[in-house]
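> For reference, the file protein32.pdb (PDB, C-alpha atoms, pLDDT in the B column) is included below:
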ATOM      1  CA  MET A   1      76.848  86.820 102.031  1.00 85.00           C
ATOM      2  CA  SER A   2      79.446  85.406  99.631  1.00 93.00           C
ATOM      3  CA  ALA A   3      83.122  86.288  99.990  1.00 95.00           C
ATOM      4  CA  GLN A   4      82.900  88.413  96.807  1.00 97.00           C
ATOM      5  CA  ASP A   5      79.955  90.395  98.228  1.00 97.00           C
ATOM      6  CA  THR A   6      81.708  90.846 101.572  1.00 97.00           C
ATOM      7  CA  ILE A   7      84.852  92.115  99.840  1.00 98.00           C
ATOM      8  CA  LYS A   8      82.890  94.470  97.601  1.00 97.00           C
ATOM      9  CA  GLU A   9      81.084  95.919 100.598  1.00 97.00           C
ATOM     10  CA  THR A  10      84.326  96.307 102.557  1.00 98.00           C
ATOM     11  CA  VAL A  11      86.265  98.068  99.799  1.00 98.00           C
ATOM     12  CA  THR A  12      83.415 100.362  98.806  1.00 97.00           C
ATOM     13  CA  SER A  13      82.332 101.395 102.313  1.00 97.00           C
ATOM     14  CA  ASN A  14      85.868 102.175 103.562  1.00 98.00           C
ATOM     15  CA  ASP A  15      88.134 104.737 101.880  1.00 98.00           C
ATOM     16  CA  VAL A  16      91.378 102.813 102.341  1.00 98.00           C
ATOM     17  CA  VAL A  17      91.494  99.052 102.898  1.00 98.00           C
ATOM     18  CA  LEU A  18      94.564  96.843 103.222  1.00 98.00           C
ATOM     19  CA  TYR A  19      94.139  93.084 102.873  1.00 98.00           C
ATOM     20  CA  MET A  20      97.139  91.704 104.712  1.00 98.00           C
ATOM     21  CA  LYS A  21      98.594  88.793 106.620  1.00 97.00           C
ATOM     22  CA  GLY A  22      98.193  89.716 110.259  1.00 97.00           C
ATOM     23  CA  THR A  23      96.931  93.065 111.518  1.00 97.00           C
ATOM     24  CA  LYS A  24      98.302  96.583 111.234  1.00 95.00           C
ATOM     25  CA  GLU A  25      99.444  96.310 114.859  1.00 95.00           C
ATOM     26  CA  MET A  26     100.944  92.854 114.343  1.00 96.00           C
ATOM     27  CA  PRO A  27     101.740  92.039 110.694  1.00 96.00           C
ATOM     28  CA  GLN A  28     102.706  88.422 110.055  1.00 96.00           C
ATOM     29  CA  CYS A  29     104.549  88.762 106.757  1.00 92.00           C
ATOM     30  CA  GLY A  30     107.313  91.112 105.642  1.00 92.00           C
ATOM     31  CA  PHE A  31     105.438  92.346 102.570  1.00 93.00           C
ATOM     32  CA  SER A  32     102.283  93.099 104.564  1.00 96.00           C
ATOM     33  CA  SER A  33     104.379  94.754 107.250  1.00 97.00           C
ATOM     34  CA  ARG A  34     106.032  97.036 104.717  1.00 96.00           C
ATOM     35  CA  VAL A  35     102.774  98.395 103.294  1.00 97.00           C
ATOM     36  CA  ALA A  36     101.065  98.719 106.681  1.00 98.00           C
ATOM     37  CA  GLY A  37     104.205 100.486 107.945  1.00 97.00           C
ATOM     38  CA  VAL A  38     104.107 103.037 105.105  1.00 97.00           C
ATOM     39  CA  LEU A  39     100.421 103.804 105.680  1.00 98.00           C
ATOM     40  CA  ASN A  40     100.887 104.052 109.444  1.00 97.00           C
ATOM     41  CA  PHE A  41     103.901 106.317 109.043  1.00 97.00           C
ATOM     42  CA  MET A  42     102.046 108.543 106.573  1.00 97.00           C
ATOM     43  CA  GLY A  43      99.192 108.856 109.047  1.00 97.00           C
ATOM     44  CA  VAL A  44      96.651 107.331 106.663  1.00 98.00           C
ATOM     45  CA  GLU A  45      93.527 105.985 108.322  1.00 98.00           C
ATOM     46  CA  PHE A  46      92.895 102.539 106.911  1.00 98.00           C
ATOM     47  CA  THR A  47      90.886  99.408 107.537  1.00 98.00           C
ATOM     48  CA  ASP A  48      92.966  96.254 107.844  1.00 98.00           C
ATOM     49  CA  VAL A  49      91.585  92.850 106.931  1.00 98.00           C
ATOM     50  CA  ASN A  50      93.575  89.865 108.179  1.00 98.00           C
ATOM     51  CA  VAL A  51      93.315  87.212 105.478  1.00 97.00           C
ATOM     52  CA  LEU A  52      94.853  84.609 107.784  1.00 97.00           C
ATOM     53  CA  ALA A  53      91.688  84.816 109.886  1.00 97.00           C
ATOM     54  CA  ASP A  54      89.357  83.804 107.029  1.00 96.00           C
ATOM     55  CA  ALA A  55      90.230  81.259 104.319  1.00 95.00           C
ATOM     56  CA  ASP A  56      87.299  82.349 102.115  1.00 96.00           C
ATOM     57  CA  ILE A  57      88.443  85.963 102.126  1.00 97.00           C
ATOM     58  CA  ARG A  58      92.060  84.899 101.598  1.00 95.00           C
ATOM     59  CA  GLN A  59      91.129  83.145  98.346  1.00 94.00           C
ATOM     60  CA  GLY A  60      88.276  85.540  97.563  1.00 96.00           C
ATOM     61  CA  ILE A  61      90.435  88.652  97.486  1.00 97.00           C
ATOM     62  CA  LYS A  62      92.755  87.027  94.939  1.00 94.00           C
ATOM     63  CA  ASP A  63      89.789  86.248  92.713  1.00 93.00           C
ATOM     64  CA  TYR A  64      88.297  89.699  93.250  1.00 96.00           C
ATOM     65  CA  SER A  65      91.339  91.537  91.928  1.00 95.00           C
ATOM     66  CA  ASP A  66      92.796  88.785  89.736  1.00 92.00           C
ATOM     67  CA  TRP A  67      95.987  89.230  91.732  1.00 93.00           C
ATOM     68  CA  PRO A  68      97.732  86.234  93.329  1.00 91.00           C
ATOM     69  CA  THR A  69      99.492  87.816  96.280  1.00 92.00           C
ATOM     70  CA  ILE A  70      98.833  89.531  99.613  1.00 94.00           C
ATOM     71  CA  PRO A  71      98.980  92.384 100.646  1.00 96.00           C
ATOM     72  CA  GLN A  72      96.502  94.230  98.440  1.00 98.00           C
ATOM     73  CA  LEU A  73      95.690  97.910  98.822  1.00 98.00           C
ATOM     74  CA  TYR A  74      92.331  99.390  97.846  1.00 98.00           C
ATOM     75  CA  VAL A  75      91.543 103.104  97.742  1.00 98.00           C
ATOM     76  CA  LYS A  76      87.915 104.145  97.252  1.00 97.00           C
ATOM     77  CA  GLY A  77      87.037 100.709  95.979  1.00 96.00           C
ATOM     78  CA  GLU A  78      89.843 100.553  93.443  1.00 96.00           C
ATOM     79  CA  PHE A  79      92.699  98.032  93.572  1.00 97.00           C
ATOM     80  CA  VAL A  80      95.973  99.976  93.672  1.00 97.00           C
ATOM     81  CA  GLY A  81      98.561  97.204  93.915  1.00 96.00           C
ATOM     82  CA  GLY A  82     100.670  94.911  96.059  1.00 95.00           C
ATOM     83  CA  SER A  83     103.742  95.676  98.110  1.00 95.00           C
ATOM     84  CA  ASP A  84     106.169  96.243  95.214  1.00 94.00           C
ATOM     85  CA  ILE A  85     103.819  98.682  93.491  1.00 95.00           C
ATOM     86  CA  ILE A  86     103.043 100.541  96.725  1.00 97.00           C
ATOM     87  CA  THR A  87     106.753 100.824  97.500  1.00 95.00           C
ATOM     88  CA  GLU A  88     107.502 102.218  94.033  1.00 94.00           C
ATOM     89  CA  MET A  89     104.555 104.621  94.209  1.00 96.00           C
ATOM     90  CA  THR A  90     105.619 105.849  97.654  1.00 97.00           C
ATOM     91  CA  LEU A  91     109.143 106.607  96.483  1.00 96.00           C
ATOM     92  CA  SER A  92     108.027 108.226  93.213  1.00 95.00           C
ATOM     93  CA  GLY A  93     105.356 110.387  94.870  1.00 96.00           C
ATOM     94  CA  GLU A  94     102.558 108.737  92.871  1.00 96.00           C
ATOM     95  CA  LEU A  95     100.957 107.537  96.093  1.00 97.00           C
ATOM     96  CA  ASP A  96     100.745 111.150  97.310  1.00 97.00           C
ATOM     97  CA  THR A  97      99.032 112.099  94.055  1.00 97.00           C
ATOM     98  CA  LEU A  98      96.599 109.211  94.352  1.00 97.00           C
ATOM     99  CA  PHE A  99      95.641 110.169  97.915  1.00 98.00           C
ATOM    100  CA  GLU A 100      95.222 113.807  96.863  1.00 97.00           C
ATOM    101  CA  ASP A 101      93.066 112.874  93.863  1.00 97.00           C
ATOM    102  CA  LYS A 102      90.907 110.583  95.975  1.00 97.00           C
ATOM    103  CA  GLY A 103      90.620 112.991  98.910  1.00 97.00           C
ATOM    104  CA  VAL A 104      92.410 110.757 101.415  1.00 97.00           C
ATOM    105  CA  ALA A 105      94.172 112.553 104.286  1.00 97.00           C
ATOM    106  CA  TYR A 106      97.899 111.796 104.696  1.00 97.00           C
ATOM    107  CA  SER A 107     101.038 113.499 105.917  1.00 97.00           C
ATOM    108  CA  LYS A 108     103.071 114.885 103.035  1.00 97.00           C
ATOM    109  CA  GLU A 109     105.873 115.579 105.494  1.00 97.00           C
ATOM    110  CA  ALA A 110     106.026 111.915 106.514  1.00 97.00           C
ATOM    111  CA  ALA A 111     105.978 110.823 102.875  1.00 97.00           C
ATOM    112  CA  ASP A 112     108.891 113.184 102.153  1.00 97.00           C
ATOM    113  CA  LYS A 113     110.778 111.681 105.086  1.00 96.00           C
ATOM    114  CA  ILE A 114     110.375 108.190 103.642  1.00 95.00           C
ATOM    115  CA  ARG A 115     111.715 109.460 100.314  1.00 96.00           C
ATOM    116  CA  GLU A 116     114.661 111.233 101.989  1.00 95.00           C
ATOM    117  CA  ALA A 117     115.559 108.083 103.890  1.00 94.00           C
ATOM    118  CA  ASN A 118     115.376 105.961 100.744  1.00 90.00           C
ATOM    119  CA  GLY A 119     116.549 108.487  98.144  1.00 77.00           C
TER     120      GLY A 119
ATOM    121  CA  MET B   1     109.100  72.980  97.187  1.00 50.00           C
ATOM    122  CA  ALA B   2     111.368  75.913  96.617  1.00 62.00           C
ATOM    123  CA  MET B   3     112.172  76.994  93.093  1.00 72.00           C
ATOM    124  CA  GLU B   4     115.445  77.639  91.308  1.00 85.00           C
ATOM    125  CA  ALA B   5     116.271  80.939  89.663  1.00 89.00           C
ATOM    126  CA  GLN B   6     116.523  79.245  86.253  1.00 91.00           C
ATOM    127  CA  GLU B   7     113.079  77.775  86.643  1.00 91.00           C
ATOM    128  CA  ILE B   8     111.553  81.153  87.512  1.00 92.00           C
ATOM    129  CA  GLU B   9     113.369  82.826  84.620  1.00 95.00           C
ATOM    130  CA  GLY B  10     112.286  80.023  82.281  1.00 95.00           C
ATOM    131  CA  LEU B  11     108.606  80.518  83.055  1.00 94.00           C
ATOM    132  CA  ILE B  12     108.830  84.281  82.621  1.00 96.00           C
ATOM    133  CA  ARG B  13     110.977  83.883  79.485  1.00 96.00           C
ATOM    134  CA  ALA B  14     108.372  81.618  77.895  1.00 96.00           C
ATOM    135  CA  ALA B  15     105.843  84.454  78.078  1.00 96.00           C
ATOM    136  CA  PHE B  16     108.285  87.295  77.388  1.00 97.00           C
ATOM    137  CA  PRO B  17     110.902  85.870  74.978  1.00 97.00           C
ATOM    138  CA  ASP B  18     112.685  89.177  74.343  1.00 96.00           C
ATOM    139  CA  ALA B  19     112.556  90.614  77.862  1.00 97.00           C
ATOM    140  CA  LYS B  20     115.490  91.622  79.987  1.00 97.00           C
ATOM    141  CA  ILE B  21     115.032  89.456  83.088  1.00 97.00           C
ATOM    142  CA  ILE B  22     117.112  89.649  86.248  1.00 96.00           C
ATOM    143  CA  ILE B  23     116.392  87.169  89.046  1.00 94.00           C
ATOM    144  CA  THR B  24     117.951  87.765  92.468  1.00 94.00           C
ATOM    145  CA  ASP B  25     117.880  85.527  95.523  1.00 91.00           C
ATOM    146  CA  THR B  26     117.306  88.312  98.055  1.00 88.00           C
ATOM    147  CA  ALA B  27     117.768  86.296 101.228  1.00 85.00           C
ATOM    148  CA  GLY B  28     120.217  83.677  99.949  1.00 84.00           C
ATOM    149  CA  ASP B  29     117.832  80.930 101.030  1.00 82.00           C
ATOM    150  CA  GLY B  30     116.366  79.874  97.679  1.00 80.00           C
ATOM    151  CA  ASN B  31     112.954  81.005  98.875  1.00 81.00           C
ATOM    152  CA  HIS B  32     112.855  84.798  98.620  1.00 86.00           C
ATOM    153  CA  TRP B  33     113.291  86.102  95.103  1.00 90.00           C
ATOM    154  CA  ALA B  34     113.235  89.370  93.260  1.00 93.00           C
ATOM    155  CA  ALA B  35     112.566  89.591  89.533  1.00 95.00           C
ATOM    156  CA  GLU B  36     113.110  92.602  87.332  1.00 96.00           C
ATOM    157  CA  VAL B  37     111.404  92.284  83.978  1.00 97.00           C
ATOM    158  CA  VAL B  38     111.866  94.882  81.267  1.00 98.00           C
ATOM    159  CA  ASP B  39     109.812  94.253  78.159  1.00 97.00           C
ATOM    160  CA  GLU B  40     108.513  96.267  75.240  1.00 97.00           C
ATOM    161  CA  SER B  41     105.042  94.738  75.671  1.00 97.00           C
ATOM    162  CA  PHE B  42     104.685  96.627  78.977  1.00 97.00           C
ATOM    163  CA  ARG B  43     104.581  99.982  77.211  1.00 96.00           C
ATOM    164  CA  GLY B  44     101.239 101.665  77.807  1.00 96.00           C
ATOM    165  CA  MET B  45     100.294  99.295  80.602  1.00 96.00           C
ATOM    166  CA  ASN B  46     100.086 100.424  84.202  1.00 94.00           C
ATOM    167  CA  ARG B  47     102.053  98.561  86.867  1.00 94.00           C
ATOM    168  CA  VAL B  48      99.106  96.455  87.927  1.00 96.00           C
ATOM    169  CA  GLN B  49      98.607  95.260  84.341  1.00 96.00           C
ATOM    170  CA  GLN B  50     102.343  94.628  83.892  1.00 96.00           C
ATOM    171  CA  GLN B  51     102.683  92.598  87.054  1.00 95.00           C
ATOM    172  CA  ARG B  52      99.458  90.708  86.396  1.00 94.00           C
ATOM    173  CA  ALA B  53     101.009  89.584  83.093  1.00 95.00           C
ATOM    174  CA  VAL B  54     104.158  88.377  84.869  1.00 95.00           C
ATOM    175  CA  TYR B  55     102.127  86.566  87.518  1.00 92.00           C
ATOM    176  CA  ALA B  56     100.141  84.897  84.719  1.00 92.00           C
ATOM    177  CA  SER B  57     103.405  83.584  83.236  1.00 94.00           C
ATOM    178  CA  LEU B  58     104.206  81.920  86.559  1.00 90.00           C
ATOM    179  CA  LYS B  59     101.115  79.763  86.116  1.00 81.00           C
ATOM    180  CA  GLY B  60      99.881  79.440  89.651  1.00 77.00           C
ATOM    181  CA  LYS B  61     103.289  79.035  91.284  1.00 82.00           C
ATOM    182  CA  MET B  62     102.446  82.000  93.519  1.00 77.00           C
ATOM    183  CA  ASP B  63      99.132  80.542  94.584  1.00 68.00           C
ATOM    184  CA  GLY B  64      98.235  79.949  98.142  1.00 59.00           C
ATOM    185  CA  PRO B  65      99.945  78.218 101.024  1.00 60.00           C
ATOM    186  CA  SER B  66     100.980  75.327  98.771  1.00 59.00           C
ATOM    187  CA  GLY B  67     102.501  77.633  96.143  1.00 66.00           C
ATOM    188  CA  ASP B  68     106.114  76.928  95.195  1.00 75.00           C
ATOM    189  CA  LEU B  69     107.023  80.576  95.249  1.00 79.00           C
ATOM    190  CA  HIS B  70     106.419  82.247  98.570  1.00 73.00           C
ATOM    191  CA  ALA B  71     108.155  85.516  98.015  1.00 83.00           C
ATOM    192  CA  LEU B  72     108.792  87.190  94.689  1.00 88.00           C
ATOM    193  CA  ALA B  73     109.332  90.923  94.621  1.00 90.00           C
ATOM    194  CA  LEU B  74     108.523  92.215  91.137  1.00 93.00           C
ATOM    195  CA  THR B  75     109.789  95.226  89.274  1.00 94.00           C
ATOM    196  CA  THR B  76     108.368  95.719  85.795  1.00 96.00           C
ATOM    197  CA  LYS B  77     108.806  98.388  83.171  1.00 95.00           C
ATOM    198  CA  ALA B  78     109.078  99.082  79.480  1.00 96.00           C
ATOM    199  CA  PRO B  79     112.578  99.781  78.116  1.00 95.00           C
ATOM    200  CA  ASP B  80     113.674 103.448  78.398  1.00 89.00           C
TER     201      ASP B  80
END
Before anything else, please render the file you have as C-alpha coordinates.


Amino acid sequence: MSAQDTIKETVTSNDVVLYMKGTKEMPQCGFSSRVAGVLNFMGVEFTDVNVLADADIRQGIKDYSDWPTIPQLYVKGEFVGGSDIITEMTLSGELDTLFEDKGVAYSKEAADKIREANG
Amino acid sequence: MAMEAQEIEGLIRAAFPDAKIIITDTAGDGNHWAAEVVDESFRGMNRVQQQRAVYASLKGKMDGPSGDLHALALTTKAPD
(Lines of atoms letter the chains of each structure in order from A and count residues from 1; the text may use other names and numbers.)
(Lines give C-alpha, C1' and ligand atoms only; values in the text may rest on other atoms or scores of the structure.)
Protein backbone atom coordinates (compact mmCIF):
# COMPACT_ATOMS: atom_id res chain seq x y z
CA MET A 1 0.00 0.00 0.00
CA SER A 2 1.34 3.47 -0.82
CA ALA A 3 1.97 6.02 1.93
CA GLN A 4 -1.04 8.06 0.70
CA ASP A 5 -3.32 5.00 0.94
CA THR A 6 -1.98 4.11 4.39
CA ILE A 7 -2.57 7.66 5.62
CA LYS A 8 -6.07 7.78 4.15
CA GLU A 9 -6.96 4.51 5.83
CA THR A 10 -5.51 5.65 9.16
CA VAL A 11 -7.30 9.00 9.27
CA THR A 12 -10.63 7.63 8.10
CA SER A 13 -10.73 4.54 10.33
CA ASN A 14 -9.76 6.39 13.54
CA ASP A 15 -11.78 9.31 14.94
CA VAL A 16 -8.80 11.34 16.15
CA VAL A 17 -5.29 10.90 14.77
CA LEU A 18 -2.17 12.88 15.65
CA TYR A 19 0.85 12.63 13.37
CA MET A 20 3.72 13.59 15.62
CA LYS A 21 7.42 13.29 16.32
CA GLY A 22 7.69 10.62 18.97
CA THR A 23 4.75 8.98 20.71
CA LYS A 24 2.06 10.35 23.00
CA GLU A 25 3.91 8.79 25.94
CA MET A 26 7.29 10.10 24.77
CA PRO A 27 7.05 13.08 22.39
CA GLN A 28 10.33 14.07 20.76
CA CYS A 29 9.57 17.65 19.76
CA GLY A 30 8.11 20.55 21.71
CA PHE A 31 5.34 21.24 19.19
CA SER A 32 4.25 17.60 19.11
CA SER A 33 4.44 17.45 22.89
CA ARG A 34 2.17 20.47 23.23
CA VAL A 35 -0.64 19.04 21.09
CA ALA A 36 -0.38 15.53 22.55
CA GLY A 37 -0.40 17.11 26.02
CA VAL A 38 -3.62 19.03 25.30
CA LEU A 39 -5.39 15.93 23.97
CA ASN A 40 -4.17 13.79 26.87
CA PHE A 41 -5.24 16.41 29.40
CA MET A 42 -8.66 16.76 27.78
CA GLY A 43 -9.10 13.00 27.97
CA VAL A 44 -9.46 12.61 24.20
CA GLU A 45 -8.82 9.12 22.90
CA PHE A 46 -6.50 9.43 19.93
CA THR A 47 -4.25 7.38 17.70
CA ASP A 48 -0.66 8.60 17.56
CA VAL A 49 1.52 8.02 14.52
CA ASN A 50 5.25 8.55 15.04
CA VAL A 51 6.57 10.03 11.80
CA LEU A 52 10.16 9.54 12.96
CA ALA A 53 9.58 5.79 12.67
CA ASP A 54 8.69 5.90 8.96
CA ALA A 55 10.31 8.24 6.41
CA ASP A 56 7.59 7.56 3.81
CA ILE A 57 4.83 8.56 6.21
CA ARG A 58 6.85 11.57 7.38
CA GLN A 59 6.96 12.95 3.84
CA GLY A 60 3.61 11.45 2.86
CA ILE A 61 1.62 13.24 5.53
CA LYS A 62 2.99 16.60 4.35
CA ASP A 63 1.89 15.82 0.81
CA TYR A 64 -1.47 14.50 1.99
CA SER A 65 -2.46 17.73 3.72
CA ASP A 66 -0.28 20.15 1.75
CA TRP A 67 1.11 21.23 5.10
CA PRO A 68 4.88 21.35 5.71
CA THR A 69 5.11 20.78 9.44
CA ILE A 70 4.50 18.15 12.12
CA PRO A 71 2.40 17.70 14.28
CA GLN A 72 -0.82 17.39 12.29
CA LEU A 73 -4.19 16.69 13.87
CA TYR A 74 -6.99 14.89 12.03
CA VAL A 75 -10.55 14.53 13.31
CA LYS A 76 -12.89 12.19 11.43
CA GLY A 77 -10.62 12.23 8.42
CA GLU A 78 -10.36 16.00 8.24
CA PHE A 79 -7.11 17.94 8.72
CA VAL A 80 -7.63 20.40 11.58
CA GLY A 81 -4.22 22.06 11.87
CA GLY A 82 -0.76 22.11 13.39
CA SER A 83 0.33 23.08 16.86
CA ASP A 84 -0.29 26.84 16.57
CA ILE A 85 -3.82 26.33 15.27
CA ILE A 86 -4.63 23.69 17.89
CA THR A 87 -3.32 25.96 20.64
CA GLU A 88 -5.44 28.88 19.42
CA MET A 89 -8.52 26.66 19.04
CA THR A 90 -8.06 25.23 22.53
CA LEU A 91 -7.89 28.67 24.11
CA SER A 92 -10.79 30.07 22.08
CA GLY A 93 -13.06 27.07 22.72
CA GLU A 94 -13.26 26.24 19.00
CA LEU A 95 -11.69 22.85 19.67
CA ASP A 96 -14.51 22.04 22.11
CA THR A 97 -17.04 22.96 19.42
CA LEU A 98 -15.26 20.82 16.85
CA PHE A 99 -15.24 17.78 19.15
CA GLU A 100 -18.92 18.33 19.97
CA ASP A 101 -19.86 18.66 16.30
CA LYS A 102 -17.90 15.55 15.38
CA GLY A 103 -19.12 13.49 18.34
CA VAL A 104 -15.70 13.07 19.95
CA ALA A 105 -15.69 12.56 23.73
CA TYR A 106 -13.59 15.04 25.75
CA SER A 107 -13.57 16.65 29.16
CA LYS A 108 -15.04 20.14 29.06
CA GLU A 109 -13.84 20.64 32.62
CA ALA A 110 -10.24 19.92 31.62
CA ALA A 111 -10.53 22.25 28.63
CA ASP A 112 -11.82 25.00 30.94
CA LYS A 113 -8.86 24.40 33.24
CA ILE A 114 -6.43 24.91 30.36
CA ARG A 115 -8.19 28.17 29.50
CA GLU A 116 -8.15 29.34 33.15
CA ALA A 117 -4.44 28.61 33.40
CA ASN A 118 -3.71 30.47 30.17
CA GLY A 119 -6.38 33.18 30.32
CA MET B 1 21.74 26.71 8.31
CA ALA B 2 19.78 28.91 10.63
CA MET B 3 17.93 31.89 9.25
CA GLU B 4 17.91 35.55 10.22
CA ALA B 5 14.76 37.40 11.18
CA GLN B 6 15.18 39.78 8.22
CA GLU B 7 15.39 36.88 5.83
CA ILE B 8 12.20 35.31 7.18
CA GLU B 9 10.40 38.66 7.08
CA GLY B 10 11.68 39.28 3.55
CA LEU B 11 10.22 36.04 2.22
CA ILE B 12 6.87 36.66 3.88
CA ARG B 13 6.91 40.33 2.80
CA ALA B 14 7.44 39.33 -0.83
CA ALA B 15 4.14 37.45 -0.76
CA PHE B 16 2.28 39.85 1.53
CA PRO B 17 3.63 43.34 0.71
CA ASP B 18 1.15 45.24 2.89
CA ALA B 19 1.03 42.87 5.86
CA LYS B 20 1.89 43.70 9.43
CA ILE B 21 4.66 41.21 10.20
CA ILE B 22 6.29 40.67 13.58
CA ILE B 23 9.14 38.17 13.85
CA THR B 24 10.32 37.09 17.30
CA ASP B 25 13.28 34.92 18.22
CA THR B 26 11.50 32.93 20.94
CA ALA B 27 14.49 31.08 22.35
CA GLY B 28 17.20 33.65 21.61
CA ASP B 29 19.13 31.03 19.66
CA GLY B 30 18.42 32.11 16.08
CA ASN B 31 16.64 28.82 15.49
CA HIS B 32 13.20 29.08 17.10
CA TRP B 33 11.03 31.79 15.63
CA ALA B 34 7.53 33.11 15.94
CA ALA B 35 5.85 35.10 13.18
CA GLU B 36 2.67 37.09 13.47
CA VAL B 37 1.22 38.03 10.11
CA VAL B 38 -1.80 40.28 9.81
CA ASP B 39 -3.01 40.78 6.27
CA GLU B 40 -6.21 41.84 4.56
CA SER B 41 -5.94 38.89 2.14
CA PHE B 42 -6.61 36.51 5.07
CA ARG B 43 -10.17 37.75 5.45
CA GLY B 44 -12.61 34.93 4.77
CA MET B 45 -9.93 32.27 4.96
CA ASN B 46 -9.77 29.78 7.79
CA ARG B 47 -6.56 29.40 9.79
CA VAL B 48 -5.39 26.40 7.81
CA GLN B 49 -5.73 28.36 4.55
CA GLN B 50 -4.02 31.42 6.06
CA GLN B 51 -1.06 29.49 7.39
CA ARG B 52 -0.76 27.43 4.21
CA ALA B 53 -0.35 30.73 2.33
CA VAL B 54 2.41 31.85 4.72
CA TYR B 55 4.17 28.50 4.47
CA ALA B 56 4.00 28.80 0.67
CA SER B 57 5.79 32.17 0.89
CA LEU B 58 8.64 30.49 2.76
CA LYS B 59 9.30 28.38 -0.33
CA GLY B 60 10.34 25.10 1.18
CA LYS B 61 12.43 26.54 4.00
CA MET B 62 10.30 24.56 6.45
CA ASP B 63 10.77 21.32 4.59
CA GLY B 64 12.17 18.26 6.17
CA PRO B 65 15.25 17.55 8.23
CA SER B 66 17.39 19.69 5.91
CA GLY B 67 15.02 22.67 6.13
CA ASP B 68 16.58 25.97 7.20
CA LEU B 69 13.72 26.77 9.51
CA HIS B 70 13.17 24.19 12.20
CA ALA B 71 10.73 26.00 14.39
CA LEU B 72 8.37 28.75 13.33
CA ALA B 73 5.27 29.36 15.39
CA LEU B 74 2.69 31.12 13.23
CA THR B 75 -0.13 33.44 14.16
CA THR B 76 -2.23 34.70 11.27
CA LYS B 77 -5.29 36.89 11.05
CA ALA B 78 -7.05 39.57 9.07
CA PRO B 79 -6.90 43.12 10.48
CA ASP B 80 -9.62 43.91 13.06

> Near chain A, meaning an atom within 7 Å, which residues of chain B appear when counting all atoms listed in the file? Write them as a list of chain:residue names.

B:Arg47, B:Val48, B:Arg52, B:Met62, B:Asp63, B:Ala73, B:Leu74

> Between A:Gly37, A:Pro27, A:Gly22, A:Pro71, which has the minimum distance to Ile114 (chain A) (counting all atoms listed in the file)?

A:Gly37

> Quick one: residues within 6 Å of Val37 (chain B), only C-alpha atoms counted, chain neighbours fewer than 5 positions away excluded, as a PyMOL selection string?

chain B and resi 20-21+76

> Taking all atoms listed in the file into account, which of A:Leu95, A:Leu39, A:Ala105, A:Ile86 comes nearest Glu25 (chain A)?

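Selected residue with least distance to Glu25 (chain A): A:Leu39.
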
> Find the residues around His32 (chain B) up to 7 Å (only C-alpha atoms counted), leave out those fewer than 5 positions away in its own chain, and share them as a ChimeraX atom specification.

/B:25-27,70-72

> Identify the residues within 8 Å of coordinate (115.9, 92.0, 86.3) (same frame as the file), considering only C-alpha atoms, and give the answer as a list of chain:residue names.

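Using only C-alpha atoms, the matching residues come out as B:Lys20, B:Ile21, B:Ile22, B:Ile23, B:Thr24, B:Ala34, B:Ala35, B:Glu36, B:Val37, B:Val38, B:Thr75.
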
> Run the PyMOL selection byres ((chain A and resi 19) around 9) against the file shown and list the residues it catches, as a PyMOL selection string.

chain A and resi 17-18+20-21+32+47-51+58+61+70-74

> Please measure the separation of CA of Thr10 (chain A) and CA of Lys76 (chain A), giving the value in Å to one decimal.

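One can read the CA of Thr10 (chain A) to CA of Lys76 (chain A) distance as 10.1 Å.
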
> Could you check which of A:Glu116, A:Asp101, A:Glu109, A:Asp5 is closest to Ile57 (chain A), using all atoms listed in the file?

A:Asp5

> For CA of Met42 (chain A) and CA of Phe99 (chain A), quote the distance in Å rounded to one decimal.

10.9 Å
